[in-house]
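What follows is protein18.txt (compact mmCIF, C-alpha atoms and all ligand atoms).
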# COMPACT_ATOMS: atom_id res chain seq x y z
CA MET A 1 0.00 0.00 0.00
CA SER A 2 1.35 3.50 -0.87
CA ASN A 3 2.14 6.00 1.81
CA THR A 4 -0.99 8.17 2.21
CA ASN A 5 1.30 11.25 2.32
CA THR A 6 2.01 10.76 -1.37
CA ILE A 7 -1.66 10.48 -2.38
CA SER A 8 -3.16 13.57 -4.00
CA SER A 9 -5.58 15.59 -1.91
CA ALA A 10 -8.19 15.16 -4.69
CA VAL A 11 -8.16 11.39 -4.07
CA ILE A 12 -8.21 11.83 -0.28
CA ASN A 13 -11.18 14.21 -0.67
CA ARG A 14 -13.12 11.48 -2.49
CA LEU A 15 -12.46 8.77 0.12
CA PRO A 16 -15.20 9.79 2.61
CA ARG A 17 -17.73 9.47 -0.20
CA TYR A 18 -16.50 5.92 -1.05
CA TYR A 19 -16.69 5.11 2.65
CA ARG A 20 -20.30 6.34 2.87
CA PHE A 21 -21.45 4.38 -0.20
CA LEU A 22 -19.70 1.22 1.02
CA ALA A 23 -21.37 1.59 4.42
CA ASP A 24 -24.75 1.76 2.63
CA LEU A 25 -23.88 -1.39 0.64
CA LEU A 26 -22.92 -3.21 3.84
CA ARG A 27 -26.24 -2.24 5.42
CA GLU A 28 -27.99 -3.64 2.33
CA GLY A 29 -26.10 -6.93 2.78
CA VAL A 30 -24.04 -6.59 -0.43
CA ASP A 31 -20.81 -8.64 -0.11
CA ARG A 32 -19.08 -7.69 -3.30
CA ILE A 33 -19.45 -5.19 -6.08
CA SER A 34 -17.82 -4.57 -9.45
CA SER A 35 -16.23 -1.20 -10.20
CA GLY A 36 -18.90 -0.86 -12.94
CA ARG A 37 -21.79 -1.20 -10.48
CA LEU A 38 -20.12 0.97 -7.88
CA SER A 39 -19.56 3.61 -10.57
CA GLN A 40 -23.27 3.54 -11.53
CA ARG A 41 -24.29 4.04 -7.92
CA MET A 42 -21.81 6.80 -7.27
CA GLY A 43 -22.09 8.62 -10.59
CA VAL A 44 -18.35 8.49 -11.30
CA THR A 45 -16.54 6.51 -14.01
CA ALA A 46 -15.38 2.96 -13.30
CA SER A 47 -11.86 3.95 -14.37
CA GLN A 48 -11.83 6.76 -11.81
CA ILE A 49 -12.77 4.27 -9.10
CA ARG A 50 -10.06 1.84 -10.22
CA GLN A 51 -7.48 4.63 -10.39
CA ASP A 52 -8.43 6.00 -6.98
CA LEU A 53 -8.35 2.66 -5.23
CA ASN A 54 -5.13 1.59 -6.98
CA ASN A 55 -3.44 4.38 -5.04
CA PHE A 56 -3.84 2.21 -1.99
CA GLY A 57 -2.64 -1.00 -3.53
CA GLY A 58 -5.87 -1.83 -5.42
CA PHE A 59 -8.52 -3.65 -3.47
CA GLY A 60 -10.25 -5.34 -6.37
CA LEU A 61 -9.69 -8.73 -7.92
CA GLN A 62 -10.13 -9.27 -11.67
CA GLY A 63 -13.48 -10.94 -12.30
CA TYR A 64 -14.53 -10.74 -8.64
CA GLY A 65 -14.92 -7.01 -8.05
CA TYR A 66 -14.46 -5.47 -4.65
CA ASN A 67 -15.05 -7.16 -1.33
CA VAL A 68 -17.30 -4.52 0.26
CA LYS A 69 -16.47 -5.27 3.90
CA TYR A 70 -12.73 -5.38 3.27
CA LEU A 71 -12.78 -2.21 1.17
CA HIS A 72 -14.94 -0.39 3.75
CA GLU A 73 -12.54 -1.39 6.53
CA ALA A 74 -9.44 -0.52 4.52
CA ILE A 75 -10.75 2.92 3.53
CA GLY A 76 -11.87 3.49 7.13
CA LYS A 77 -8.30 2.78 8.22
CA ILE A 78 -6.90 5.22 5.68
CA LEU A 79 -9.38 7.80 6.97
CA GLY A 80 -8.16 7.18 10.52
CA LEU A 81 -11.53 5.80 11.60
CA ASP A 82 -10.02 2.72 13.23
CA THR A 83 -9.07 4.97 16.17
CA ALA A 84 -11.51 6.80 18.45
CA HIS A 85 -11.07 10.58 18.67
CA ASN A 86 -11.96 12.85 21.57
CA MET A 87 -13.16 16.32 20.62
CA ILE A 88 -13.98 19.55 22.43
CA ILE A 89 -16.13 22.39 21.11
CA ILE A 90 -15.11 25.99 21.73
CA GLY A 91 -18.19 28.22 21.48
CA ALA A 92 -21.42 26.74 22.80
CA GLY A 93 -23.74 28.97 20.77
CA ASN A 94 -26.17 27.92 18.05
CA LEU A 95 -23.63 26.09 15.93
CA GLY A 96 -21.61 24.54 18.76
CA ARG A 97 -24.78 23.20 20.35
CA ALA A 98 -26.10 21.90 17.02
CA LEU A 99 -22.85 19.97 16.46
CA ALA A 100 -22.89 18.62 20.02
CA ASN A 101 -26.46 17.46 19.41
CA TYR A 102 -25.45 15.44 16.38
CA ALA A 103 -24.96 11.99 17.85
CA ASP A 104 -23.90 10.36 14.55
CA PHE A 105 -20.29 11.57 14.91
CA GLU A 106 -20.02 8.94 17.65
CA ASN A 107 -20.81 6.17 15.16
CA LEU A 108 -17.67 7.22 13.30
CA GLY A 109 -15.61 7.26 16.50
CA PHE A 110 -15.66 11.02 17.14
CA PHE A 111 -16.65 11.75 20.75
CA ILE A 112 -17.45 15.25 21.96
CA ILE A 113 -16.36 15.22 25.59
CA SER A 114 -16.89 18.88 26.53
CA LEU A 115 -17.96 22.28 25.28
CA PHE A 116 -16.32 25.52 26.41
CA ASP A 117 -17.66 29.04 26.26
CA ALA A 118 -16.59 32.50 27.41
CA ASN A 119 -20.15 33.38 28.44
CA PRO A 120 -20.42 32.62 32.20
CA GLU A 121 -24.19 32.12 31.83
CA LEU A 122 -23.57 28.97 29.78
CA GLU A 123 -21.18 27.43 32.29
CA GLY A 124 -22.79 24.48 34.05
CA THR A 125 -25.36 23.88 31.28
CA SER A 126 -25.11 20.82 29.07
CA VAL A 127 -26.01 19.48 25.65
CA ARG A 128 -26.98 15.78 25.49
CA ASN A 129 -25.33 15.44 28.91
CA ILE A 130 -22.09 16.88 27.54
CA PRO A 131 -21.07 19.66 29.96
CA VAL A 132 -20.39 23.27 28.98
CA ARG A 133 -17.38 24.57 30.90
CA GLY A 134 -15.84 28.01 31.32
CA MET A 135 -12.70 28.91 29.37
CA GLU A 136 -10.58 29.17 32.53
CA GLY A 137 -10.76 25.38 32.87
CA LEU A 138 -9.58 24.74 29.29
CA GLU A 139 -5.84 24.29 29.85
CA ALA A 140 -6.26 21.82 32.72
CA PHE A 141 -8.97 19.93 30.82
CA ILE A 142 -6.72 19.48 27.79
CA ARG A 143 -3.85 18.43 30.05
CA ASP A 144 -5.95 15.87 31.94
CA ASN A 145 -7.96 14.44 29.05
CA HIS A 146 -6.82 13.05 25.77
CA VAL A 147 -8.19 15.69 23.38
CA ASP A 148 -7.47 14.98 19.70
CA ILE A 149 -9.52 17.65 17.95
CA ALA A 150 -10.89 21.08 18.89
CA LEU A 151 -13.94 22.43 17.04
CA LEU A 152 -13.99 26.22 16.74
CA CYS A 153 -17.53 27.59 16.72
CA LEU A 154 -16.99 31.18 17.77
CA PRO A 155 -16.94 34.52 15.99
CA LYS A 156 -14.18 35.15 13.45
CA ALA A 157 -12.87 38.07 15.53
CA ASN A 158 -11.90 35.69 18.37
CA ALA A 159 -10.85 32.70 16.29
CA ILE A 160 -7.12 33.36 15.78
CA GLU A 161 -6.41 34.22 19.42
CA THR A 162 -8.37 31.19 20.65
CA ALA A 163 -6.75 28.85 18.13
CA ARG A 164 -3.26 29.99 19.16
CA MET A 165 -4.18 29.38 22.79
CA LEU A 166 -5.42 25.87 21.95
CA VAL A 167 -2.14 25.15 20.16
CA LYS A 168 -0.19 26.40 23.17
CA PHE A 169 -2.20 23.99 25.34
CA GLY A 170 -1.22 21.11 23.03
CA ILE A 171 -4.01 20.84 20.46
CA LYS A 172 -2.73 19.58 17.09
CA ALA A 173 -5.93 19.43 15.00
CA ILE A 174 -8.69 22.02 14.60
CA TRP A 175 -12.03 21.65 12.84
CA ASN A 176 -12.72 25.28 12.15
CA PHE A 177 -16.16 26.74 11.51
CA ALA A 178 -15.27 30.41 12.05
CA HIS A 179 -15.17 32.28 8.75
CA ILE A 180 -11.42 32.56 8.46
CA ASP A 181 -8.65 30.45 6.88
CA LEU A 182 -7.08 29.66 10.19
CA GLU A 183 -4.07 27.66 8.96
CA LEU A 184 -2.51 30.93 7.73
CA TYR A 185 -2.08 32.00 11.35
CA LEU A 186 -0.91 28.76 12.97
CA PRO A 187 2.28 26.66 12.92
CA GLU A 188 2.52 24.32 9.95
CA ASN A 189 2.34 21.16 12.03
CA VAL A 190 -1.17 22.05 13.26
CA LEU A 191 -3.81 20.43 11.05
CA VAL A 192 -6.76 22.64 10.18
CA GLU A 193 -9.89 21.66 8.30
CA ASN A 194 -12.06 24.67 7.50
CA VAL A 195 -15.79 24.18 6.98
CA HIS A 196 -17.56 27.04 5.24
CA LEU A 197 -21.19 26.22 4.55
CA SER A 198 -21.59 29.62 2.90
CA GLU A 199 -19.14 28.54 0.17
CA SER A 200 -21.33 25.54 -0.52
CA ILE A 201 -24.50 27.66 -0.84
CA MET A 202 -22.59 30.11 -3.10
CA ARG A 203 -21.62 27.21 -5.38
CA LEU A 204 -25.29 26.19 -5.57
CA SER A 205 -26.41 29.74 -6.28
CA CYS A 206 -23.73 30.06 -9.00
CA ARG A 207 -25.05 26.90 -10.69
CA MET A 208 -28.61 28.23 -10.41
CA ALA A 209 -27.57 31.51 -12.04
CA ARG A 210 -25.82 29.66 -14.87
CA GLN A 211 -28.79 27.36 -15.41
CA LYS A 212 -31.08 30.41 -15.57
CA ASP A 213 -28.76 32.07 -18.11
CA GLU A 214 -28.72 28.95 -20.26
CA SER A 215 -32.48 28.51 -20.23
CA GLU A 216 -32.96 32.20 -21.07
CA LYS A 217 -30.50 31.83 -23.96
CA ALA A 218 -32.33 28.72 -25.15
CA GLU A 219 -35.70 30.55 -24.99
CA THR A 220 -34.29 33.51 -26.93
CA GLY A 221 -32.79 31.09 -29.46
CA ASN A 222 -36.12 29.29 -29.82
CA GLY A 223 -38.12 32.50 -30.00
P1 LIG B 1 -23.44 32.26 18.51
O1 LIG B 1 -23.32 33.72 18.74
O2 LIG B 1 -24.75 31.58 18.73
O3 LIG B 1 -22.35 31.47 19.39
C1 LIG B 1 -21.02 31.88 19.53
C2 LIG B 1 -20.58 31.45 20.90
O4 LIG B 1 -19.17 31.68 21.00
C3 LIG B 1 -21.24 32.25 22.03
O5 LIG B 1 -21.85 31.39 22.96
C4 LIG B 1 -20.10 33.06 22.63
O6 LIG B 1 -20.25 33.26 24.01
C5 LIG B 1 -18.92 32.16 22.31
N1 LIG B 1 -17.64 32.87 22.28
C6 LIG B 1 -17.34 34.05 21.72
N2 LIG B 1 -16.06 34.36 21.87
C7 LIG B 1 -15.51 33.34 22.56
C8 LIG B 1 -14.20 33.08 23.04
N3 LIG B 1 -13.18 33.91 22.79
N4 LIG B 1 -14.00 31.94 23.70
C9 LIG B 1 -15.01 31.08 23.94
N5 LIG B 1 -16.27 31.28 23.53
C10 LIG B 1 -16.51 32.40 22.84
O7 LIG B 1 -22.94 32.04 17.02
P2 LIG B 1 -23.18 30.76 16.10
O8 LIG B 1 -24.39 30.95 15.29
O9 LIG B 1 -23.05 29.53 16.92
O10 LIG B 1 -21.94 30.87 15.13
C11 LIG B 1 -20.63 30.69 15.63
C12 LIG B 1 -19.62 31.02 14.53
O11 LIG B 1 -19.72 30.08 13.50
C13 LIG B 1 -19.84 32.39 13.91
O12 LIG B 1 -18.56 32.94 13.64
C14 LIG B 1 -20.53 32.07 12.60
O13 LIG B 1 -20.26 33.05 11.62
C15 LIG B 1 -19.90 30.75 12.26
N6 LIG B 1 -20.72 29.89 11.42
C16 LIG B 1 -20.03 29.20 10.48
C17 LIG B 1 -20.66 28.31 9.67
C18 LIG B 1 -19.82 27.59 8.68
O14 LIG B 1 -20.34 26.94 7.79
N7 LIG B 1 -18.52 27.65 8.81
C19 LIG B 1 -22.10 28.08 9.74
C20 LIG B 1 -22.73 28.82 10.80
C21 LIG B 1 -22.05 29.70 11.60
Translate the structure of the given file into structure tokens.
Amino acid sequence: MSNTNTISSAVINRLPRYYRFLADLLREGVDRISSGRLSQRMGVTASQIRQDLNNFGGFGLQGYGYNVKYLHEAIGKILGLDTAHNMIIIGAGNLGRALANYADFENLGFFIISLFDANPELEGTSVRNIPVRGMEGLEAFIRDNHVDIALLCLPKANAIETARMLVKFGIKAIWNFAHIDLELYLPENVLVENVHLSESIMRLSCRMARQKDESEKAETGNG
């Protein structure tokens, strides 16, 4: 199997989608699947699937297809899902609470063990029995608990300062929801994954605008 460090980020970006489709197949009781059938289900070409999976040593056998359980497990391993991860949420507002309420992360091995917030009124409250703590307890909490990932759910204006503090306390991976490209402000060895839902809605609105343009052009052409 190739070293995952040498795999392109485009391939890595597609792996969670393979993982999700394979999990669905497992739930449906499908043991094996050809790249052709998988490609139909996923709406990508069979050669793309073969190329992608060959990066990891190729999981398929000629004439047999892919063993769904094996492939699901192997991709899960590449995605780091064979290890449980403890997470904390910084910012227990609307978004932080919504994420803490989403129990499905646990099925993937991601456990939210605490929320933290600067607002003293939130201290002592909880979300799904997960406690909200004050920021003054953050350093000791990180020291005493094995925290793998911090989720940043606070305003952009406070994100850099808070992220630097988390790094100082030993955090090495940040799932960032504040509207800022945080990695530009942190040491290179800190892993940052930015999530910007607004970029996703802008992509949809761009496609809507283009579709509208095309149908207007077609109408003008027809008329
Ligand atoms: P909110 O105002 O409901 O919650 C923010 C929370 O952060 C508050 O409870 C506040 O007390 C806390 N906070 C502020 N500064 C803090 C600090 N220095 N340390 C600890 N806690 C602090 O806001 P909401 O709706 O939950 O949004 C949070 C952030 O996420 C905003 O910046 C928003 O723009 C962003 N957002 C990003 C999305 C995305 O797709 N990336 C989607 C929705 C919101």
Near Gly29 (chain A), counting all atoms listed in the file, which residues have an atom at most 12 Å away, once you skip same-chain residues fewer than 6 positions from it, shown as a PyMOL selection string? chain A and resi 22-23+67-69
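Nearest to ligand LIG 1 (chain B) of all the residues A:Asn101, A:Leu138, A:Gly93, A:Leu186 is A:Gly93, based on all atoms listed in the file.
Comparing the minimum interatomic distances between Pro187 (chain A) and each of A:Leu166, A:Leu115, A:Ser205, A:Leu25, counting all atoms listed in the file, we find that A:Leu166 sits nearest.
Using only C-alpha atoms, the nearest neighbour of Val192 (chain A) within the list A:Ala163, A:Phe110, A:Gln40, A:Tyr66 is A:Ala163.
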Near ligand LIG 1 (chain B), 6 Å: chain A residue rows, closest pairs, all atoms listed in the file, as CSV:
residue,atom,partner,partner_atom,distance
A:Ile90,CA,B:LIG1,C9,5.5
A:Gly91,CA,B:LIG1,O4,3.6
A:Ala92,CA,B:LIG1,O5,4.7
A:Gly93,CA,B:LIG1,O3,3.2
A:Asn94,CA,B:LIG1,O9,3.7
A:Leu95,CA,B:LIG1,O9,3.6
A:Gly96,CA,B:LIG1,O9,5.5
A:Asp117,CA,B:LIG1,N5,3.8
A:Ala118,CA,B:LIG1,C9,4.1
A:Asn119,CA,B:LIG1,O6,4.4
A:Cys153,CA,B:LIG1,C11,4.5
A:Leu154,CA,B:LIG1,O4,3.9
A:Pro155,CA,B:LIG1,O12,3.3
A:Lys156,CA,B:LIG1,O12,4.9
A:Asn158,CA,B:LIG1,N3,4.9
A:Thr162,CA,B:LIG1,N3,5.9
A:Phe177,CA,B:LIG1,N7,3.7
A:Ala178,CA,B:LIG1,O12,4.4
A:His179,CA,B:LIG1,N7,5.7
A:Val195,CA,B:LIG1,N7,4.8
A:His196,CA,B:LIG1,N7,3.7
A:Leu197,CA,B:LIG1,O14,3.4
A:Ser198,CA,B:LIG1,O14,5.7
